[in-house]
Amino acid sequence: KLIDGQMIQIPKKDKTRLIITYANSRAAKDEHNRKRGLQRLEKRIKSGKLTKSNINNKGYNKYLRMQGEVTIEIDYEKFWQDNAWDGLKGYVTNTELSDKLVVENYKNLWHIEKAFRMSKTDLRIRPIYHRLRHRIEAHICISFTAYSIYKELERLLYQEKSKISLKRAAELTHNIYQITYTLPDSKHTKSRLLKMDDEQAELYQIIEKNFKVLQR
């Protein structure tokens with residue numbers, strides 16, 4: 001059995017290798033998820049709604065088996081045998097990176113996945129309704145700029161230890177208004193922000209403060 005943080009490598013025939021890691025925290029999570037899945041199966045069996053069609057390898061259904069020709073029960077032996085896999089995670093790669101770098105790079109994939117989710121939902125980048133190349137490129141360019149601003153705002157809120165979430169920050173900007181007026185005597189044009197609530201004022205101060213730093 002591997003110990004916490006241990007990593008092993010298994011070479012494969014097709015010039016790839018399998019990297020296996022073990023973590024106590026992952027083992028605890030895996031065990032918790034299996035037990036929760038088992039509890040759900042037990043409730044479904046008591047309800048009497050499970051049929052032969054439910055016996056498959058989808059999720060925790062793999063722990064089901066037929067008893068006789070009509071009775072479905074849980075294969076507890078198979079459930080406890082899966083305990084041997086708790087805490088293990090495998091990575092197959094054909095790169096020349098070290099095992100440690102392969103695992104570290106894989107762990108960073110969540111940043112990319114988060115960016116795709118954010119671009120599709122919060123920024124509404126997709127779907128793209130353009131068909132001409134220059135319009136599609138412009139759409140992607142604007143979307144990338146919006147994402148960059150979004151991430152910078154996320155960094156500033158974290159840096160300033162603000163309790164305002166990114167989603168809330170976007171909502172607050174919808175009701176921040178500025179008026180532009182011209183003085184009758186001097187004919188000078190000025191701009192002024194209308195009164196903001198506490199959250200809006202906090203958000204504005206964070207952005208203004210860091211914008212001034214960038215201008216130096």
# chains A, B, ... in the order shown; residues from 1 in each chain; ligands from 1
$ residues_around --residues "Glu42 of chain A" --least-positions-apart "2" --cutoff "12 Å" --atoms "only C-alpha atoms" --output "PyMOL selection string"
chain A and resi 35-40+44-50+60-61+63-64+72-76
$ residues_around --residues "segment 176-186 of chain A" --least-positions-apart "6" --cutoff "8 Å" --atoms "only C-alpha atoms" --output "list of chain:residue names"
A:Arg192, A:Leu193, A:Leu194, A:Met196, A:Gln200
$ write_last_selection --atoms "N, CA and C atoms" --output "tab-separated table (two decimals), in the first residue's frame"
chain	number	residue	atom	x	y	z
A	192	ARG	N	-19.85	63.59	-13.05
A	192	ARG	CA	-20.01	63.32	-11.63
A	192	ARG	C	-20.78	62.00	-11.43
A	193	LEU	N	-20.27	61.19	-10.50
A	193	LEU	CA	-20.95	59.95	-10.18
A	193	LEU	C	-22.11	60.22	-9.24
A	194	LEU	N	-23.22	59.58	-9.52
A	194	LEU	CA	-24.37	59.73	-8.63
A	194	LEU	C	-24.12	58.93	-7.35
A	196	MET	N	-23.80	56.41	-4.47
A	196	MET	CA	-23.73	54.95	-4.50
A	196	MET	C	-24.01	54.39	-3.11
A	200	GLN	N	-21.34	49.51	-3.58
A	200	GLN	CA	-20.88	50.18	-4.79
A	200	GLN	C	-19.69	51.08	-4.50
$ select_by_dssp --residues "segment 5-210 of chain A" --states "alpha helix (DSSP H)" --output "PyMOL selection string"
chain A and resi 24-47+76-81+99-107+109-120+133-159+166-173+198-210
$ residues_around --residues "Lys15 of chain A" --least-positions-apart "5" --cutoff "10 Å" --atoms "only C-alpha atoms" --output "list in words"
Thr93, Asn94 and Thr95 of chain A
$ closest_residue --among "A:His134, A:Lys167, A:Arg17, A:Lys195" --to "Asp99 of chain A" --atoms "only C-alpha atoms"
A:Arg17
$ residues_around --residues "Leu18 of chain A" --least-positions-apart "3" --cutoff "8 Å" --atoms "only C-alpha atoms" --output "list in words"
Gln9, Ile10, Pro11, Lys12, Gly90, Tyr91, Val92 and Thr93 of chain A
$ write_last_selection --atoms "N, CA, C and O atoms" --output "PDB file, in the first residue's frame"
ATOM      1  N   GLN A   9       5.674   4.926 -10.920  1.00  0.00           N
ATOM      2  CA  GLN A   9       5.557   4.984 -12.376  1.00  0.00           C
ATOM      3  C   GLN A   9       5.541   3.575 -12.947  1.00  0.00           C
ATOM      4  O   GLN A   9       6.328   2.722 -12.547  1.00  0.00           O
ATOM      5  N   ILE A  10       4.628   3.334 -13.910  1.00  0.00           N
ATOM      6  CA  ILE A  10       4.522   2.034 -14.574  1.00  0.00           C
ATOM      7  C   ILE A  10       4.672   2.240 -16.089  1.00  0.00           C
ATOM      8  O   ILE A  10       3.776   2.815 -16.726  1.00  0.00           O
ATOM      9  N   PRO A  11       5.796   1.845 -16.687  1.00  0.00           N
ATOM     10  CA  PRO A  11       5.986   2.000 -18.141  1.00  0.00           C
ATOM     11  C   PRO A  11       4.991   1.121 -18.904  1.00  0.00           C
ATOM     12  O   PRO A  11       4.654   0.021 -18.471  1.00  0.00           O
ATOM     13  N   LYS A  12       4.539   1.622 -20.079  1.00  0.00           N
ATOM     14  CA  LYS A  12       3.624   0.862 -20.922  1.00  0.00           C
ATOM     15  C   LYS A  12       4.278   0.616 -22.278  1.00  0.00           C
ATOM     16  O   LYS A  12       5.262   1.276 -22.644  1.00  0.00           O
ATOM     17  N   GLY A  90      -4.561   7.980 -11.253  1.00  0.00           N
ATOM     18  CA  GLY A  90      -3.608   7.642 -12.308  1.00  0.00           C
ATOM     19  C   GLY A  90      -3.548   8.691 -13.404  1.00  0.00           C
ATOM     20  O   GLY A  90      -4.553   9.341 -13.718  1.00  0.00           O
ATOM     21  N   TYR A  91      -2.374   8.861 -13.983  1.00  0.00           N
ATOM     22  CA  TYR A  91      -2.160   9.811 -15.075  1.00  0.00           C
ATOM     23  C   TYR A  91      -1.382   9.091 -16.182  1.00  0.00           C
ATOM     24  O   TYR A  91      -0.277   8.603 -15.937  1.00  0.00           O
ATOM     25  N   VAL A  92      -1.946   9.028 -17.378  1.00  0.00           N
ATOM     26  CA  VAL A  92      -1.254   8.418 -18.510  1.00  0.00           C
ATOM     27  C   VAL A  92      -0.679   9.524 -19.378  1.00  0.00           C
ATOM     28  O   VAL A  92      -1.384  10.464 -19.751  1.00  0.00           O
ATOM     29  N   THR A  93       0.604   9.441 -19.693  1.00  0.00           N
ATOM     30  CA  THR A  93       1.238  10.502 -20.479  1.00  0.00           C
ATOM     31  C   THR A  93       2.278   9.924 -21.424  1.00  0.00           C
ATOM     32  O   THR A  93       2.849   8.861 -21.165  1.00  0.00           O
TER      33      THR A  93
END
$ atom_distance --atom1 "atom CA of Tyr147 of chain A" --atom2 "atom CA of Leu109 of chain A"
17.1 Å
$ atom_distance --atom1 "atom CA of Lys107 of chain A" --atom2 "atom CA of Ile8 of chain A"
17.1 Å
$ select_by_dssp --residues "segment 39-202 of chain A" --states "strand (DSSP E or B)" --output "mmCIF file with N, CA, C and O atoms, in the first residue's frame"
data_model
loop_
_atom_site.group_PDB
_atom_site.id
_atom_site.type_symbol
_atom_site.label_atom_id
_atom_site.label_comp_id
_atom_site.auth_asym_id
_atom_site.auth_seq_id
_atom_site.Cartn_x
_atom_site.Cartn_y
_atom_site.Cartn_z
ATOM 1 N N LEU A 64 -24.609 -3.771 -7.388
ATOM 2 C CA LEU A 64 -25.862 -4.539 -7.389
ATOM 3 C C LEU A 64 -25.647 -5.913 -8.017
ATOM 4 O O LEU A 64 -24.802 -6.085 -8.898
ATOM 5 N N ARG A 65 -26.424 -6.897 -7.564
ATOM 6 C CA ARG A 65 -26.378 -8.226 -8.157
ATOM 7 C C ARG A 65 -27.740 -8.889 -7.986
ATOM 8 O O ARG A 65 -28.551 -8.488 -7.148
ATOM 9 N N MET A 66 -27.973 -9.896 -8.815
ATOM 10 C CA MET A 66 -29.234 -10.639 -8.761
ATOM 11 C C MET A 66 -29.147 -11.743 -7.714
ATOM 12 O O MET A 66 -28.142 -12.432 -7.600
ATOM 13 N N GLN A 67 -30.198 -11.875 -6.940
ATOM 14 C CA GLN A 67 -30.321 -12.979 -5.990
ATOM 15 C C GLN A 67 -31.464 -13.847 -6.499
ATOM 16 O O GLN A 67 -32.633 -13.451 -6.448
ATOM 17 N N THR A 71 -34.851 -11.228 -7.297
ATOM 18 C CA THR A 71 -34.459 -10.358 -6.193
ATOM 19 C C THR A 71 -33.123 -9.672 -6.475
ATOM 20 O O THR A 71 -32.162 -10.315 -6.897
ATOM 21 N N ILE A 72 -33.094 -8.375 -6.223
ATOM 22 C CA ILE A 72 -31.864 -7.604 -6.390
ATOM 23 C C ILE A 72 -31.330 -7.250 -5.015
ATOM 24 O O ILE A 72 -32.067 -6.802 -4.137
ATOM 25 N N GLU A 73 -30.023 -7.456 -4.822
ATOM 26 C CA GLU A 73 -29.397 -7.116 -3.553
ATOM 27 C C GLU A 73 -28.055 -6.433 -3.802
ATOM 28 O O GLU A 73 -27.578 -6.359 -4.937
ATOM 29 N N ILE A 74 -27.442 -5.945 -2.720
ATOM 30 C CA ILE A 74 -26.155 -5.268 -2.822
ATOM 31 C C ILE A 74 -25.029 -6.265 -2.571
ATOM 32 O O ILE A 74 -25.070 -7.054 -1.633
ATOM 33 N N LEU A 88 -6.155 6.570 -4.670
ATOM 34 C CA LEU A 88 -5.284 6.422 -5.840
ATOM 35 C C LEU A 88 -5.787 7.257 -7.015
ATOM 36 O O LEU A 88 -6.985 7.388 -7.225
ATOM 37 N N LYS A 89 -4.855 7.804 -7.772
ATOM 38 C CA LYS A 89 -5.214 8.544 -8.984
ATOM 39 C C LYS A 89 -4.129 8.280 -10.020
ATOM 40 O O LYS A 89 -2.934 8.309 -9.710
ATOM 41 N N GLY A 90 -4.561 7.980 -11.253
ATOM 42 C CA GLY A 90 -3.608 7.642 -12.308
ATOM 43 C C GLY A 90 -3.548 8.691 -13.404
ATOM 44 O O GLY A 90 -4.553 9.341 -13.718
ATOM 45 N N TYR A 91 -2.374 8.861 -13.983
ATOM 46 C CA TYR A 91 -2.160 9.811 -15.075
ATOM 47 C C TYR A 91 -1.382 9.091 -16.182
ATOM 48 O O TYR A 91 -0.277 8.603 -15.937
ATOM 49 N N VAL A 92 -1.946 9.028 -17.378
ATOM 50 C CA VAL A 92 -1.254 8.418 -18.510
ATOM 51 C C VAL A 92 -0.679 9.524 -19.378
ATOM 52 O O VAL A 92 -1.384 10.464 -19.751
ATOM 53 N N THR A 93 0.604 9.441 -19.693
ATOM 54 C CA THR A 93 1.238 10.502 -20.479
ATOM 55 C C THR A 93 2.278 9.924 -21.424
ATOM 56 O O THR A 93 2.849 8.861 -21.165
ATOM 57 N N GLN A 178 -23.309 57.798 -13.951
ATOM 58 C CA GLN A 178 -22.515 59.020 -14.008
ATOM 59 C C GLN A 178 -23.191 60.012 -14.945
ATOM 60 O O GLN A 178 -23.682 59.622 -16.011
ATOM 61 N N ILE A 179 -23.250 61.274 -14.540
ATOM 62 C CA ILE A 179 -23.844 62.306 -15.400
ATOM 63 C C ILE A 179 -22.757 63.271 -15.871
ATOM 64 O O ILE A 179 -21.776 63.518 -15.167
ATOM 65 N N THR A 180 -22.924 63.764 -17.068
ATOM 66 C CA THR A 180 -22.010 64.761 -17.633
ATOM 67 C C THR A 180 -22.801 66.039 -17.875
ATOM 68 O O THR A 180 -23.886 65.989 -18.461
ATOM 69 N N TYR A 181 -22.258 67.148 -17.404
ATOM 70 C CA TYR A 181 -22.990 68.416 -17.521
ATOM 71 C C TYR A 181 -22.020 69.541 -17.861
ATOM 72 O O TYR A 181 -20.809 69.442 -17.657
ATOM 73 N N THR A 182 -22.578 70.625 -18.391
ATOM 74 C CA THR A 182 -21.788 71.795 -18.772
ATOM 75 C C THR A 182 -22.207 72.982 -17.914
ATOM 76 O O THR A 182 -23.403 73.305 -17.819
ATOM 77 N N THR A 189 -17.163 71.418 -19.171
ATOM 78 C CA THR A 189 -17.914 70.172 -19.059
ATOM 79 C C THR A 189 -17.319 69.316 -17.935
ATOM 80 O O THR A 189 -16.102 69.120 -17.879
ATOM 81 N N LYS A 190 -18.176 68.836 -17.069
ATOM 82 C CA LYS A 190 -17.729 68.013 -15.954
ATOM 83 C C LYS A 190 -18.558 66.738 -15.863
ATOM 84 O O LYS A 190 -19.662 66.667 -16.399
ATOM 85 N N SER A 191 -17.997 65.760 -15.176
ATOM 86 C CA SER A 191 -18.700 64.496 -14.955
ATOM 87 C C SER A 191 -18.770 64.223 -13.463
ATOM 88 O O SER A 191 -17.855 64.567 -12.713
ATOM 89 N N ARG A 192 -19.853 63.586 -13.052
ATOM 90 C CA ARG A 192 -20.013 63.316 -11.625
ATOM 91 C C ARG A 192 -20.777 62.002 -11.431
ATOM 92 O O ARG A 192 -21.786 61.749 -12.098
ATOM 93 N N LEU A 193 -20.268 61.193 -10.502
ATOM 94 C CA LEU A 193 -20.946 59.947 -10.177
ATOM 95 C C LEU A 193 -22.109 60.223 -9.241
ATOM 96 O O LEU A 193 -21.996 61.038 -8.312
#
$ closest_residue --among "A:Ile149, A:Val102, A:Ile164, A:Leu97" --to "Ile20 of chain A" --atoms "only C-alpha atoms"
A:Val102
$ residues_around --residues "Lys161 of chain A" --least-positions-apart "4" --cutoff "12 Å" --atoms "only C-alpha atoms" --output "PyMOL selection string"
chain A and resi 154-157+165+202-203+206
$ closest_residue --among "A:Ala146, A:Ile140, A:Leu41, A:Ile3" --to "Phe79 of chain A" --atoms "only C-alpha atoms"
A:Leu41
$ closest_residue --among "A:Trp110, A:Tyr158, A:Leu153, A:His174" --to "Ile207 of chain A" --atoms "only C-alpha atoms"
A:Leu153
$ atom_distance --atom1 "atom CA of Leu101 of chain A" --atom2 "atom CA of Lys114 of chain A"
20.9 Å
$ residues_around --residues "Ala27 of chain A" --least-positions-apart "2" --cutoff "10 Å" --atoms "only C-alpha atoms" --output "ChimeraX atom specification"
/A:4,22-25,29-33,83-89
$ decode --residues "segment 132-148 of chain A" --atoms "all heavy atoms" --output "PDB file, in the first residue's frame"
ATOM      1  N   LEU A 132     -18.754  35.584 -40.590  1.00  0.00           N
ATOM      2  CA  LEU A 132     -17.592  36.147 -41.270  1.00  0.00           C
ATOM      3  C   LEU A 132     -16.370  36.078 -40.353  1.00  0.00           C
ATOM      4  O   LEU A 132     -16.464  36.315 -39.146  1.00  0.00           O
ATOM      5  CB  LEU A 132     -17.858  37.600 -41.675  1.00  0.00           C
ATOM      6  CG  LEU A 132     -19.022  37.818 -42.649  1.00  0.00           C
ATOM      7  CD1 LEU A 132     -19.212  39.295 -42.941  1.00  0.00           C
ATOM      8  CD2 LEU A 132     -18.774  37.048 -43.954  1.00  0.00           C
ATOM      9  N   ARG A 133     -15.213  35.771 -40.934  1.00  0.00           N
ATOM     10  CA  ARG A 133     -13.995  35.556 -40.152  1.00  0.00           C
ATOM     11  C   ARG A 133     -13.645  36.754 -39.274  1.00  0.00           C
ATOM     12  O   ARG A 133     -13.363  36.592 -38.078  1.00  0.00           O
ATOM     13  CB  ARG A 133     -12.827  35.239 -41.082  1.00  0.00           C
ATOM     14  CG  ARG A 133     -11.529  34.958 -40.332  1.00  0.00           C
ATOM     15  CD  ARG A 133     -10.363  34.728 -41.287  1.00  0.00           C
ATOM     16  NE  ARG A 133      -9.119  34.511 -40.557  1.00  0.00           N
ATOM     17  CZ  ARG A 133      -8.697  33.342 -40.127  1.00  0.00           C
ATOM     18  NH1 ARG A 133      -9.428  32.268 -40.357  1.00  0.00           N
ATOM     19  NH2 ARG A 133      -7.563  33.230 -39.466  1.00  0.00           N
ATOM     20  N   HIS A 134     -13.673  37.966 -39.852  1.00  0.00           N
ATOM     21  CA  HIS A 134     -13.247  39.134 -39.079  1.00  0.00           C
ATOM     22  C   HIS A 134     -14.208  39.423 -37.921  1.00  0.00           C
ATOM     23  O   HIS A 134     -13.798  39.913 -36.868  1.00  0.00           O
ATOM     24  CB  HIS A 134     -13.101  40.365 -39.984  1.00  0.00           C
ATOM     25  CG  HIS A 134     -14.403  40.929 -40.469  1.00  0.00           C
ATOM     26  ND1 HIS A 134     -15.101  40.389 -41.535  1.00  0.00           N
ATOM     27  CD2 HIS A 134     -15.144  41.985 -40.018  1.00  0.00           C
ATOM     28  CE1 HIS A 134     -16.201  41.089 -41.741  1.00  0.00           C
ATOM     29  NE2 HIS A 134     -16.255  42.060 -40.835  1.00  0.00           N
ATOM     30  N   ARG A 135     -15.485  39.081 -38.091  1.00  0.00           N
ATOM     31  CA  ARG A 135     -16.453  39.279 -37.011  1.00  0.00           C
ATOM     32  C   ARG A 135     -16.230  38.240 -35.893  1.00  0.00           C
ATOM     33  O   ARG A 135     -16.349  38.555 -34.716  1.00  0.00           O
ATOM     34  CB  ARG A 135     -17.873  39.178 -37.555  1.00  0.00           C
ATOM     35  CG  ARG A 135     -18.287  40.371 -38.423  1.00  0.00           C
ATOM     36  CD  ARG A 135     -19.730  40.234 -38.880  1.00  0.00           C
ATOM     37  NE  ARG A 135     -20.166  41.391 -39.640  1.00  0.00           N
ATOM     38  CZ  ARG A 135     -20.691  42.497 -39.111  1.00  0.00           C
ATOM     39  NH1 ARG A 135     -20.821  42.579 -37.797  1.00  0.00           N
ATOM     40  NH2 ARG A 135     -21.071  43.499 -39.866  1.00  0.00           N
ATOM     41  N   ILE A 136     -15.933  37.009 -36.291  1.00  0.00           N
ATOM     42  CA  ILE A 136     -15.667  35.960 -35.297  1.00  0.00           C
ATOM     43  C   ILE A 136     -14.413  36.301 -34.495  1.00  0.00           C
ATOM     44  O   ILE A 136     -14.388  36.185 -33.266  1.00  0.00           O
ATOM     45  CB  ILE A 136     -15.495  34.593 -35.989  1.00  0.00           C
ATOM     46  CG1 ILE A 136     -16.814  34.160 -36.652  1.00  0.00           C
ATOM     47  CG2 ILE A 136     -15.028  33.532 -34.992  1.00  0.00           C
ATOM     48  CD1 ILE A 136     -16.701  32.915 -37.499  1.00  0.00           C
ATOM     49  N   GLU A 137     -13.358  36.765 -35.201  1.00  0.00           N
ATOM     50  CA  GLU A 137     -12.115  37.130 -34.520  1.00  0.00           C
ATOM     51  C   GLU A 137     -12.331  38.310 -33.585  1.00  0.00           C
ATOM     52  O   GLU A 137     -11.782  38.354 -32.476  1.00  0.00           O
ATOM     53  CB  GLU A 137     -11.038  37.453 -35.550  1.00  0.00           C
ATOM     54  CG  GLU A 137     -10.548  36.222 -36.312  1.00  0.00           C
ATOM     55  CD  GLU A 137      -9.518  36.561 -37.374  1.00  0.00           C
ATOM     56  OE1 GLU A 137      -9.366  37.769 -37.688  1.00  0.00           O
ATOM     57  OE2 GLU A 137      -8.860  35.636 -37.884  1.00  0.00           O
ATOM     58  N   ALA A 138     -13.150  39.271 -34.008  1.00  0.00           N
ATOM     59  CA  ALA A 138     -13.437  40.431 -33.167  1.00  0.00           C
ATOM     60  C   ALA A 138     -14.208  40.000 -31.914  1.00  0.00           C
ATOM     61  O   ALA A 138     -13.938  40.483 -30.803  1.00  0.00           O
ATOM     62  CB  ALA A 138     -14.241  41.462 -33.952  1.00  0.00           C
ATOM     63  N   HIS A 139     -15.155  39.098 -32.106  1.00  0.00           N
ATOM     64  CA  HIS A 139     -15.950  38.591 -30.982  1.00  0.00           C
ATOM     65  C   HIS A 139     -15.043  37.902 -29.954  1.00  0.00           C
ATOM     66  O   HIS A 139     -15.148  38.157 -28.748  1.00  0.00           O
ATOM     67  CB  HIS A 139     -16.994  37.598 -31.495  1.00  0.00           C
ATOM     68  CG  HIS A 139     -17.848  36.991 -30.420  1.00  0.00           C
ATOM     69  ND1 HIS A 139     -19.105  37.470 -30.117  1.00  0.00           N
ATOM     70  CD2 HIS A 139     -17.613  35.965 -29.556  1.00  0.00           C
ATOM     71  CE1 HIS A 139     -19.613  36.756 -29.121  1.00  0.00           C
ATOM     72  NE2 HIS A 139     -18.725  35.831 -28.768  1.00  0.00           N
ATOM     73  N   ILE A 140     -14.137  37.051 -30.442  1.00  0.00           N
ATOM     74  CA  ILE A 140     -13.223  36.338 -29.548  1.00  0.00           C
ATOM     75  C   ILE A 140     -12.265  37.305 -28.861  1.00  0.00           C
ATOM     76  O   ILE A 140     -11.957  37.155 -27.669  1.00  0.00           O
ATOM     77  CB  ILE A 140     -12.446  35.262 -30.330  1.00  0.00           C
ATOM     78  CG1 ILE A 140     -13.414  34.181 -30.825  1.00  0.00           C
ATOM     79  CG2 ILE A 140     -11.349  34.640 -29.469  1.00  0.00           C
ATOM     80  CD1 ILE A 140     -12.789  33.157 -31.734  1.00  0.00           C
ATOM     81  N   CYS A 141     -11.794  38.313 -29.584  1.00  0.00           N
ATOM     82  CA  CYS A 141     -10.881  39.308 -29.020  1.00  0.00           C
ATOM     83  C   CYS A 141     -11.557  40.081 -27.885  1.00  0.00           C
ATOM     84  O   CYS A 141     -10.980  40.276 -26.813  1.00  0.00           O
ATOM     85  CB  CYS A 141     -10.413  40.265 -30.110  1.00  0.00           C
ATOM     86  SG  CYS A 141      -9.241  41.513 -29.521  1.00  0.00           S
ATOM     87  N   ILE A 142     -12.796  40.516 -28.135  1.00  0.00           N
ATOM     88  CA  ILE A 142     -13.552  41.244 -27.108  1.00  0.00           C
ATOM     89  C   ILE A 142     -13.814  40.338 -25.906  1.00  0.00           C
ATOM     90  O   ILE A 142     -13.709  40.757 -24.750  1.00  0.00           O
ATOM     91  CB  ILE A 142     -14.878  41.776 -27.692  1.00  0.00           C
ATOM     92  CG1 ILE A 142     -14.591  42.851 -28.741  1.00  0.00           C
ATOM     93  CG2 ILE A 142     -15.771  42.336 -26.589  1.00  0.00           C
ATOM     94  CD1 ILE A 142     -15.819  43.287 -29.530  1.00  0.00           C
ATOM     95  N   SER A 143     -14.131  39.080 -26.195  1.00  0.00           N
ATOM     96  CA  SER A 143     -14.410  38.119 -25.123  1.00  0.00           C
ATOM     97  C   SER A 143     -13.163  37.878 -24.271  1.00  0.00           C
ATOM     98  O   SER A 143     -13.241  37.802 -23.041  1.00  0.00           O
ATOM     99  CB  SER A 143     -14.890  36.795 -25.718  1.00  0.00           C
ATOM    100  OG  SER A 143     -16.079  36.981 -26.459  1.00  0.00           O
ATOM    101  N   PHE A 144     -12.009  37.767 -24.934  1.00  0.00           N
ATOM    102  CA  PHE A 144     -10.766  37.545 -24.197  1.00  0.00           C
ATOM    103  C   PHE A 144     -10.431  38.762 -23.328  1.00  0.00           C
ATOM    104  O   PHE A 144      -9.989  38.613 -22.182  1.00  0.00           O
ATOM    105  CB  PHE A 144      -9.616  37.273 -25.168  1.00  0.00           C
ATOM    106  CG  PHE A 144      -8.282  37.082 -24.479  1.00  0.00           C
ATOM    107  CD1 PHE A 144      -7.985  35.891 -23.853  1.00  0.00           C
ATOM    108  CD2 PHE A 144      -7.353  38.113 -24.454  1.00  0.00           C
ATOM    109  CE1 PHE A 144      -6.775  35.716 -23.201  1.00  0.00           C
ATOM    110  CE2 PHE A 144      -6.140  37.952 -23.800  1.00  0.00           C
ATOM    111  CZ  PHE A 144      -5.849  36.741 -23.183  1.00  0.00           C
ATOM    112  N   THR A 145     -10.667  39.954 -23.881  1.00  0.00           N
ATOM    113  CA  THR A 145     -10.425  41.183 -23.106  1.00  0.00           C
ATOM    114  C   THR A 145     -11.340  41.228 -21.886  1.00  0.00           C
ATOM    115  O   THR A 145     -10.907  41.579 -20.782  1.00  0.00           O
ATOM    116  CB  THR A 145     -10.667  42.422 -23.982  1.00  0.00           C
ATOM    117  OG1 THR A 145      -9.824  42.366 -25.140  1.00  0.00           O
ATOM    118  CG2 THR A 145     -10.376  43.702 -23.206  1.00  0.00           C
ATOM    119  N   ALA A 146     -12.602  40.852 -22.093  1.00  0.00           N
ATOM    120  CA  ALA A 146     -13.560  40.842 -20.982  1.00  0.00           C
ATOM    121  C   ALA A 146     -13.129  39.846 -19.910  1.00  0.00           C
ATOM    122  O   ALA A 146     -13.210  40.129 -18.709  1.00  0.00           O
ATOM    123  CB  ALA A 146     -14.954  40.485 -21.502  1.00  0.00           C
ATOM    124  N   TYR A 147     -12.639  38.681 -20.350  1.00  0.00           N
ATOM    125  CA  TYR A 147     -12.183  37.672 -19.389  1.00  0.00           C
ATOM    126  C   TYR A 147     -10.964  38.169 -18.608  1.00  0.00           C
ATOM    127  O   TYR A 147     -10.848  37.940 -17.399  1.00  0.00           O
ATOM    128  CB  TYR A 147     -11.837  36.375 -20.108  1.00  0.00           C
ATOM    129  CG  TYR A 147     -11.268  35.314 -19.202  1.00  0.00           C
ATOM    130  CD1 TYR A 147     -12.072  34.664 -18.266  1.00  0.00           C
ATOM    131  CD2 TYR A 147      -9.916  34.967 -19.261  1.00  0.00           C
ATOM    132  CE1 TYR A 147     -11.555  33.699 -17.414  1.00  0.00           C
ATOM    133  CE2 TYR A 147      -9.397  34.009 -18.414  1.00  0.00           C
ATOM    134  CZ  TYR A 147     -10.224  33.380 -17.492  1.00  0.00           C
ATOM    135  OH  TYR A 147      -9.696  32.437 -16.655  1.00  0.00           O
ATOM    136  N   SER A 148     -10.043  38.863 -19.292  1.00  0.00           N
ATOM    137  CA  SER A 148      -8.850  39.408 -18.639  1.00  0.00           C
ATOM    138  C   SER A 148      -9.239  40.421 -17.561  1.00  0.00           C
ATOM    139  O   SER A 148      -8.685  40.430 -16.456  1.00  0.00           O
ATOM    140  CB  SER A 148      -7.928  40.069 -19.667  1.00  0.00           C
ATOM    141  OG  SER A 148      -7.492  39.141 -20.634  1.00  0.00           O
TER     142      SER A 148
END
